[in-house]
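**Q** So here's input_29.txt (compact mmCIF, C-alpha atoms).
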# COMPACT_ATOMS: atom_id res chain seq x y z
CA MET A 255 -41.04 -10.24 18.02
CA LYS A 256 -43.51 -9.78 15.18
CA ASN A 257 -44.96 -6.33 14.62
CA ARG A 258 -47.08 -4.25 12.25
CA LEU A 259 -44.61 -1.43 11.81
CA LYS A 260 -44.10 -1.90 8.08
CA VAL A 261 -47.86 -1.83 7.45
CA LEU A 262 -48.42 1.16 9.73
CA ARG A 263 -45.57 2.98 8.05
CA ALA A 264 -46.90 2.18 4.59
CA GLU A 265 -50.35 3.48 5.57
CA ARG A 266 -48.73 6.84 6.25
CA ASN A 267 -46.48 6.60 3.19
CA TRP A 268 -43.39 6.97 5.34
CA SER A 269 -40.00 5.58 4.47
CA GLN A 270 -37.95 3.86 7.14
CA ALA A 271 -35.77 6.98 7.29
CA GLU A 272 -38.80 9.21 7.91
CA LEU A 273 -40.07 6.97 10.70
CA ALA A 274 -36.54 6.98 12.14
CA VAL A 275 -36.62 10.80 12.26
CA HIS A 276 -39.97 10.69 14.12
CA LEU A 277 -38.44 8.31 16.66
CA ASP A 278 -35.00 9.96 16.74
CA VAL A 279 -33.23 6.70 15.94
CA SER A 280 -31.21 5.53 12.94
CA ARG A 281 -32.81 4.01 9.83
CA GLN A 282 -31.00 0.79 10.66
CA ALA A 283 -32.78 0.73 14.02
CA VAL A 284 -36.19 0.96 12.34
CA ASN A 285 -35.20 -1.78 9.91
CA ALA A 286 -34.00 -4.00 12.77
CA ILE A 287 -37.28 -3.54 14.67
CA GLU A 288 -39.40 -4.16 11.56
CA THR A 289 -37.57 -7.37 10.73
CA GLY A 290 -37.69 -8.59 14.32
CA LYS A 291 -33.93 -8.45 14.80
CA HIS A 292 -34.25 -5.93 17.62
CA ASP A 293 -36.98 -5.71 20.24
CA PRO A 294 -37.52 -2.07 21.20
CA SER A 295 -37.22 -0.90 24.79
CA LEU A 296 -40.37 0.11 26.66
CA PRO A 297 -39.69 3.86 26.15
CA LEU A 298 -39.33 3.33 22.39
CA ALA A 299 -42.40 1.08 22.29
CA PHE A 300 -44.41 3.81 24.02
CA LYS A 301 -43.03 6.35 21.57
CA LEU A 302 -44.27 4.17 18.70
CA SER A 303 -47.58 3.72 20.46
CA ARG A 304 -48.09 7.49 20.78
CA LEU A 305 -46.90 8.12 17.22
CA PHE A 306 -49.38 5.69 15.67
CA HIS A 307 -52.15 6.30 18.25
CA LEU A 308 -52.30 2.58 18.99
CA THR A 309 -51.63 0.46 22.03
CA ILE A 310 -48.35 -1.43 22.22
CA GLU A 311 -50.28 -4.70 21.87
CA GLU A 312 -51.81 -3.44 18.64
CA ILE A 313 -48.34 -2.86 17.20
CA PHE A 314 -46.38 -5.78 18.65
CA ASP A 315 -47.31 -9.44 18.91
CA ASP A 316 -45.42 -11.28 21.64
CA GLU A 317 -47.12 -14.63 21.07
CA SER A 318 -45.46 -15.57 17.78
CA MET B 1340 -43.32 3.39 -5.85
CA THR B 1341 -44.32 4.85 -2.52
CA LYS B 1342 -41.90 6.36 -0.08
CA ALA B 1343 -42.59 3.42 2.18
CA ASP B 1344 -41.06 1.17 -0.48
CA LEU B 1345 -37.92 3.26 -0.91
CA GLU B 1346 -35.81 0.87 1.14
CA ASN B 1347 -36.74 -1.82 -1.39
CA GLY B 1348 -35.98 0.43 -4.36
CA PRO B 1349 -32.93 0.52 -6.64
CA THR B 1350 -29.66 0.40 -4.79
CA TYR B 1351 -27.39 1.21 -7.78
CA GLY B 1352 -25.09 -1.54 -6.55
CA VAL B 1353 -22.96 -1.77 -9.71
CA ARG B 1354 -22.49 1.99 -10.00
CA LYS B 1355 -21.63 2.26 -6.33
CA ALA B 1356 -19.14 -0.61 -6.64
CA ILE B 1357 -17.43 0.99 -9.68
CA ILE B 1358 -17.16 4.39 -7.95
CA ALA B 1359 -15.92 2.81 -4.70
CA ILE B 1360 -13.32 0.65 -6.46
CA ILE B 1361 -11.95 3.38 -8.76
CA ALA B 1362 -11.92 6.11 -6.10
CA GLY B 1363 -10.57 3.67 -3.52
CA ILE B 1364 -7.66 2.57 -5.72
CA MET B 1365 -6.82 6.17 -6.66
CA ILE B 1366 -6.94 7.37 -3.05
CA LEU B 1367 -4.88 4.41 -1.82
CA PHE B 1368 -2.29 5.10 -4.53
CA LEU B 1369 -2.14 8.79 -3.63
CA LEU B 1370 -1.93 8.00 0.09
CA GLY B 1371 1.06 5.79 -0.74
CA VAL B 1372 2.61 8.67 -2.68
CA LEU B 1373 1.86 11.06 0.21
CA PHE B 1374 3.32 8.65 2.75
CA GLY B 1375 6.46 8.04 0.66
CA LEU B 1376 7.00 11.74 -0.01
CA THR B 1377 6.52 12.73 3.63
CA LYS B 1378 8.83 9.98 4.80
CA ALA B 1379 11.52 10.99 2.29
CA MET B 1380 11.22 14.65 3.28
CA LEU B 1381 11.48 13.83 6.99
CA ASP B 1382 14.50 11.63 6.34
CA ASN B 1383 16.20 14.38 4.30
CA GLY B 1384 15.43 16.91 7.00
CA ALA B 1385 14.63 19.76 4.62
CA MET B 1386 11.63 20.62 2.47
CA SER B 1387 12.02 22.65 -0.72
CA GLY B 1388 9.27 24.74 -2.28
CA ILE B 1389 8.79 22.11 -4.99
CA ASP B 1390 8.47 19.36 -2.36
CA PHE B 1391 5.89 21.41 -0.52
CA GLY B 1392 4.00 22.03 -3.78
CA ILE B 1393 3.95 18.31 -4.61
CA LEU B 1394 2.77 17.50 -1.09
CA ILE B 1395 -0.07 20.03 -1.21
CA SER B 1396 -1.03 18.91 -4.75
CA THR B 1397 -1.23 15.29 -3.60
CA ILE B 1398 -3.42 16.21 -0.62
CA LEU B 1399 -5.66 18.33 -2.87
CA ALA B 1400 -5.92 15.44 -5.36
CA ILE B 1401 -7.04 13.09 -2.56
CA VAL B 1402 -9.63 15.60 -1.37
CA PHE B 1403 -10.80 16.20 -4.97
CA ILE B 1404 -11.24 12.46 -5.66
CA ALA B 1405 -13.05 11.91 -2.35
CA PHE B 1406 -15.34 14.87 -3.07
CA GLY B 1407 -15.96 13.64 -6.63
CA ALA B 1408 -16.85 10.15 -5.41
CA TRP B 1409 -19.21 11.66 -2.83
CA LYS B 1410 -20.93 13.81 -5.49
CA LEU B 1411 -21.21 10.90 -7.95
CA TRP B 1412 -22.49 8.48 -5.31
CA PRO B 1413 -26.02 7.55 -6.42
CA ILE B 1414 -28.86 7.80 -3.94
CA ALA B 1415 -32.45 6.81 -4.61
CA ALA B 1416 -33.75 9.89 -2.82
CA PRO B 1417 -32.46 12.31 -0.21
CA GLU B 1418 -32.78 10.39 3.02
CA PRO B 1419 -33.76 12.28 6.17
CA ILE B 1420 -31.68 11.51 9.21
CA ALA B 1421 -32.57 11.79 12.89
CA PRO B 1422 -30.55 14.34 14.91
CA SER B 1423 -29.12 11.66 17.20
CA ALA B 1424 -28.12 9.47 14.24
CA LYS B 1425 -26.49 12.46 12.54
CA LYS B 1426 -24.55 13.36 15.70
CA SER B 1427 -23.47 9.75 16.16
CA ARG B 1428 -22.35 9.52 12.50
CA ASN B 1429 -20.39 12.80 12.67
CA LEU B 1430 -18.64 11.75 15.88
CA MET B 1431 -17.72 8.45 14.26
CA ILE B 1432 -16.23 10.30 11.28
CA PHE B 1433 -14.33 12.56 13.71
CA VAL B 1434 -12.88 9.60 15.63
CA THR B 1435 -11.94 7.89 12.35
CA GLY B 1436 -10.13 11.09 11.33
CA ILE B 1437 -8.22 11.12 14.63
CA GLY B 1438 -7.36 7.46 14.11
CA PHE B 1439 -6.09 8.22 10.61
CA VAL B 1440 -3.88 11.06 11.89
CA MET B 1441 -2.53 8.86 14.71
CA GLY B 1442 -1.92 6.03 12.25
CA MET B 1443 -0.02 8.33 9.90
CA ALA B 1444 2.06 9.64 12.82
CA PHE B 1445 2.85 6.07 13.84
CA ALA B 1446 3.71 5.03 10.31
CA LEU B 1447 6.03 8.01 9.82
CA SER B 1448 7.79 7.30 13.11
CA GLY B 1449 8.89 3.79 12.14
CA GLU B 1450 11.96 2.61 10.30
CA PRO B 1451 11.60 1.80 6.57
CA GLY B 1452 9.98 -1.60 6.14
CA ASP B 1453 8.95 -1.65 9.80
CA ILE B 1454 5.29 -2.00 10.82
CA ALA B 1455 5.26 0.75 13.44
CA LEU B 1456 2.05 -0.39 15.15
CA PHE B 1457 3.57 -3.78 15.97
CA SER B 1458 7.07 -2.54 16.73
CA ASN B 1459 8.49 -2.77 20.25
CA GLY B 1460 11.39 -0.44 19.47
CA PRO B 1461 11.94 2.98 21.08
CA ILE B 1462 9.77 5.88 19.99
CA ASN B 1463 10.23 9.63 20.10
CA PRO B 1464 8.86 10.79 23.53
CA THR B 1465 7.13 13.85 22.02
CA LEU B 1466 5.38 11.67 19.46
CA ALA B 1467 4.46 9.14 22.17
CA ALA B 1468 3.04 11.93 24.36
CA SER B 1469 1.00 13.33 21.44
CA ILE B 1470 -0.44 9.94 20.54
CA LEU B 1471 -1.18 9.14 24.20
CA PHE B 1472 -2.97 12.47 24.55
CA GLY B 1473 -5.19 11.52 21.64
CA TRP B 1474 -5.69 7.92 22.80
CA LEU B 1475 -6.25 8.60 26.51
CA ILE B 1476 -7.98 12.00 26.46
CA ILE B 1477 -9.60 12.82 23.13
CA VAL B 1478 -10.76 9.37 22.00
CA PRO B 1479 -12.36 8.44 25.37
CA LEU B 1480 -14.04 11.85 25.55
CA VAL B 1481 -15.47 11.60 22.03
CA SER B 1482 -16.40 7.95 22.65
CA TRP B 1483 -18.35 8.98 25.75
CA VAL B 1484 -20.22 11.71 23.84
CA TRP B 1485 -20.86 9.19 21.03
CA TRP B 1486 -22.16 6.63 23.53
CA LYS B 1487 -24.59 9.21 24.94
CA SER B 1488 -25.87 10.02 21.44
CA VAL B 1489 -26.43 6.54 19.97
CA ASP B 1490 -29.88 5.02 19.82
CA GLU B 1491 -30.81 1.84 21.67
CA HIS B 1492 -30.30 -0.43 18.65
CA GLU B 1493 -26.78 0.84 18.09
CA ALA B 1494 -26.05 0.53 21.82
CA ALA B 1495 -27.39 -3.04 21.86
CA ILE B 1496 -25.33 -4.25 18.90
CA TYR B 1497 -22.26 -2.43 20.26
CA LEU B 1498 -22.63 -4.31 23.56
CA GLN B 1499 -23.26 -7.62 21.77
CA SER B 1500 -20.11 -7.03 19.71
CA SER B 1501 -18.14 -6.19 22.85
CA ALA B 1502 -19.23 -9.52 24.39
CA VAL B 1503 -18.03 -11.39 21.28
CA ALA B 1504 -14.73 -9.45 21.35
CA ALA B 1505 -14.28 -10.16 25.08
CA HIS B 1506 -14.71 -13.89 24.43
CA VAL B 1507 -12.15 -13.70 21.61
CA TYR B 1508 -9.75 -12.12 24.14
CA PHE B 1509 -10.55 -14.70 26.84
CA PHE B 1510 -9.71 -17.56 24.50
CA LEU B 1511 -6.91 -15.99 22.44
CA ALA B 1512 -4.69 -14.40 25.11
CA PRO B 1513 -4.32 -17.41 27.45
CA SER B 1514 -4.00 -19.84 24.51
CA TRP B 1515 -1.20 -17.81 22.95
CA TRP B 1516 0.48 -17.40 26.36
CA LEU B 1517 0.36 -21.15 26.98
CA ALA B 1518 1.46 -22.06 23.44
CA SER B 1519 4.34 -19.62 23.77
CA ARG B 1520 5.45 -21.23 27.05
CA ALA B 1521 5.37 -24.60 25.32
CA GLY B 1522 7.67 -23.19 22.67
CA TRP B 1523 5.20 -23.61 19.80
CA VAL B 1524 4.78 -19.92 18.92
CA PRO B 1525 6.69 -16.67 19.52
CA ALA B 1526 6.03 -14.62 22.67
CA GLN B 1527 2.65 -12.93 22.89
CA ASP B 1528 2.47 -9.46 21.42
CA PRO B 1529 -0.21 -7.35 23.19
CA MET B 1530 -0.69 -5.09 20.17
CA ILE B 1531 -1.48 -8.06 17.91
CA VAL B 1532 -3.99 -9.38 20.45
CA CYS B 1533 -5.50 -5.88 20.84
CA SER B 1534 -5.74 -5.47 17.05
CA ILE B 1535 -7.48 -8.84 16.64
CA VAL B 1536 -9.97 -7.99 19.42
CA ILE B 1537 -10.73 -4.57 17.90
CA ALA B 1538 -11.05 -6.07 14.40
CA VAL B 1539 -13.52 -8.74 15.60
CA TRP B 1540 -15.47 -6.14 17.62
CA SER B 1541 -15.71 -3.78 14.64
CA ALA B 1542 -16.54 -6.51 12.10
CA PHE B 1543 -19.33 -7.99 14.25
CA TRP B 1544 -20.70 -4.54 15.07
CA LEU B 1545 -20.80 -3.46 11.40
CA TYR B 1546 -22.30 -6.82 10.39
CA ARG B 1547 -25.08 -6.54 12.98
CA LYS B 1548 -25.77 -2.94 12.01
CA TYR B 1549 -25.87 -3.23 8.21
CA ALA B 1550 -26.42 -6.92 7.34
As structure tokens, what does this structure read like?

**A**
Amino acid sequence: MKNRLKVLRAERNWSQAELAVHLDVSRQAVNAIETGKHDPSLPLAFKLSRLFHLTIEEIFDDES
Amino acid sequence: MTKADLENGPTYGVRKAIIAIIAGIMILFLLGVLFGLTKAMLDNGAMSGIDFGILISTILAIVFIAFGAWKLWPIAAPEPIAPSAKKSRNLMIFVTGIGFVMGMAFALSGEPGDIALFSNGPINPTLAASILFGWLIIVPLVSWVWWKSVDEHEAAIYLQSSAVAAHVYFFLAPSWWLASRAGWVPAQDPMIVCSIVIAVWSAFWLYRKYA
């Protein structure tokens, strides 16, 4: 699933490791989500949504 | 370069490779020395002060090289780590340590030139009880705590890897059993099958995590 995580992260000048700490996951998990290799669970998607103050649809694109 | 670009920054691949190769060869050599010395001392039944000194020096040399490699290991920047990821990593290191100790105990229990892990010969009951305690009590307990601490990505790739490993078992075990009955191959050895399944599981898991 495509997403805007890398852009959102860059806007805040966060590394993957720093975003991983915010989400309490590993850096590899953030990398896997960013590259579309892993689709996050609903709880993690909501966590991202709250962290970036965006809706899930504004972060993830399920149509591509 | 912004922090957001750090994961695309220099990886110091050549330097890491040189450190890993040199330290790896030295540690493997010293582990061989340690193994040989321990085996010889156990066979002789007595340990002199000089033997003990050599043994301790070898262990200290291994620790020193490992520490040196860790200190020399280049990193682009200190990388923060989430509490759950740190706990998961530490538990993995702990289990690896237990595995190393159990492996050493196995290796020292075998006859010279014998691969103890794949041997079907008799084993000292005390040693067997100690290894079983580790394998049936400690490892499952630590594995359970590890499983509760991993994030969803790690859990997902672990389960995917387990499915691949299960399929390897489904195809390998009956095929070997049948081929053995036909007289084409020796009788099936459960430890070889188990080792192949664990190796495939681990390889796929590491590939999915880091590739």

**Q** Just how far from atom CA of B:Ile1398 is atom CA of B:Ile1360, in Å to one decimal?

**A** 19.3 Å

**Q** Counting all atoms listed in the file, a student should be able to say which residues of chain A come within 6 Å of chain B; what is the right answer, written as number ranges by chain?

**A** A: 264, 267-269, 271, 275, 278-280, 283

**Q** Put those residues in a file: C-alpha atoms, as a tab-separated table (two decimals), in the coordinates of the input.

**A**
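Saved the output as again11.tsv:
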chain	number	residue	atom	x	y	z
A	264	ALA	CA	-46.90	2.18	4.59
A	267	ASN	CA	-46.48	6.60	3.19
A	268	TRP	CA	-43.39	6.97	5.34
A	269	SER	CA	-40.00	5.58	4.47
A	271	ALA	CA	-35.77	6.98	7.29
A	275	VAL	CA	-36.62	10.80	12.26
A	278	ASP	CA	-35.00	9.96	16.74
A	279	VAL	CA	-33.23	6.70	15.94
A	280	SER	CA	-31.21	5.53	12.94
A	283	ALA	CA	-32.78	0.73	14.02

**Q** Put a box with edges along x, y and z around all the listed atoms of stretch 1537-1542 of chain B, pad it by 3 Å on each side, then give me its centre and sizes in Å, one decimal, as lines of an AutoDock Vina configuration file.

**A**
center_x = -13.6
center_y = -6.3
center_z = 15.0
size_x = 11.8
size_y = 11.0
size_z = 11.8

**Q** Rounded to one decimal place, report the atom CA of B:Leu1394-atom CA of B:Phe1368 distance in Å.

**A**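 It comes out at 13.8 Å.
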
**Q** Just how far from atom CA of B:Phe1403 is atom CA of B:Gly1384, in Å to one decimal?

**A**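 Answer for the atom CA of B:Gly1384 to atom CA of B:Phe1403 separation: 28.8 Å.
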
**Q** Write out as a PDB file with C-alpha atoms, keeping the file's coordinate frame each polymer residue whose atoms come within 10 Å of stretch 1515-1521 of chain B, counting all atoms listed in the file; drop sequence neighbours fewer than 6 positions from it.

**A**
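What landed in out16.pdb:
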ATOM      1  CA  GLN B1527       2.650 -12.930  22.890  1.00  0.00           C
ATOM      2  CA  ASP B1528       2.470  -9.460  21.420  1.00  0.00           C
ATOM      3  CA  VAL B1532      -3.990  -9.380  20.450  1.00  0.00           C
TER       4      VAL B1532
END

**Q** Could you check which of A:Ala286, A:Leu277, A:Leu296, A:Ile313 is closest to A:Arg258, using all atoms listed in the file?

**A** A:Ile313
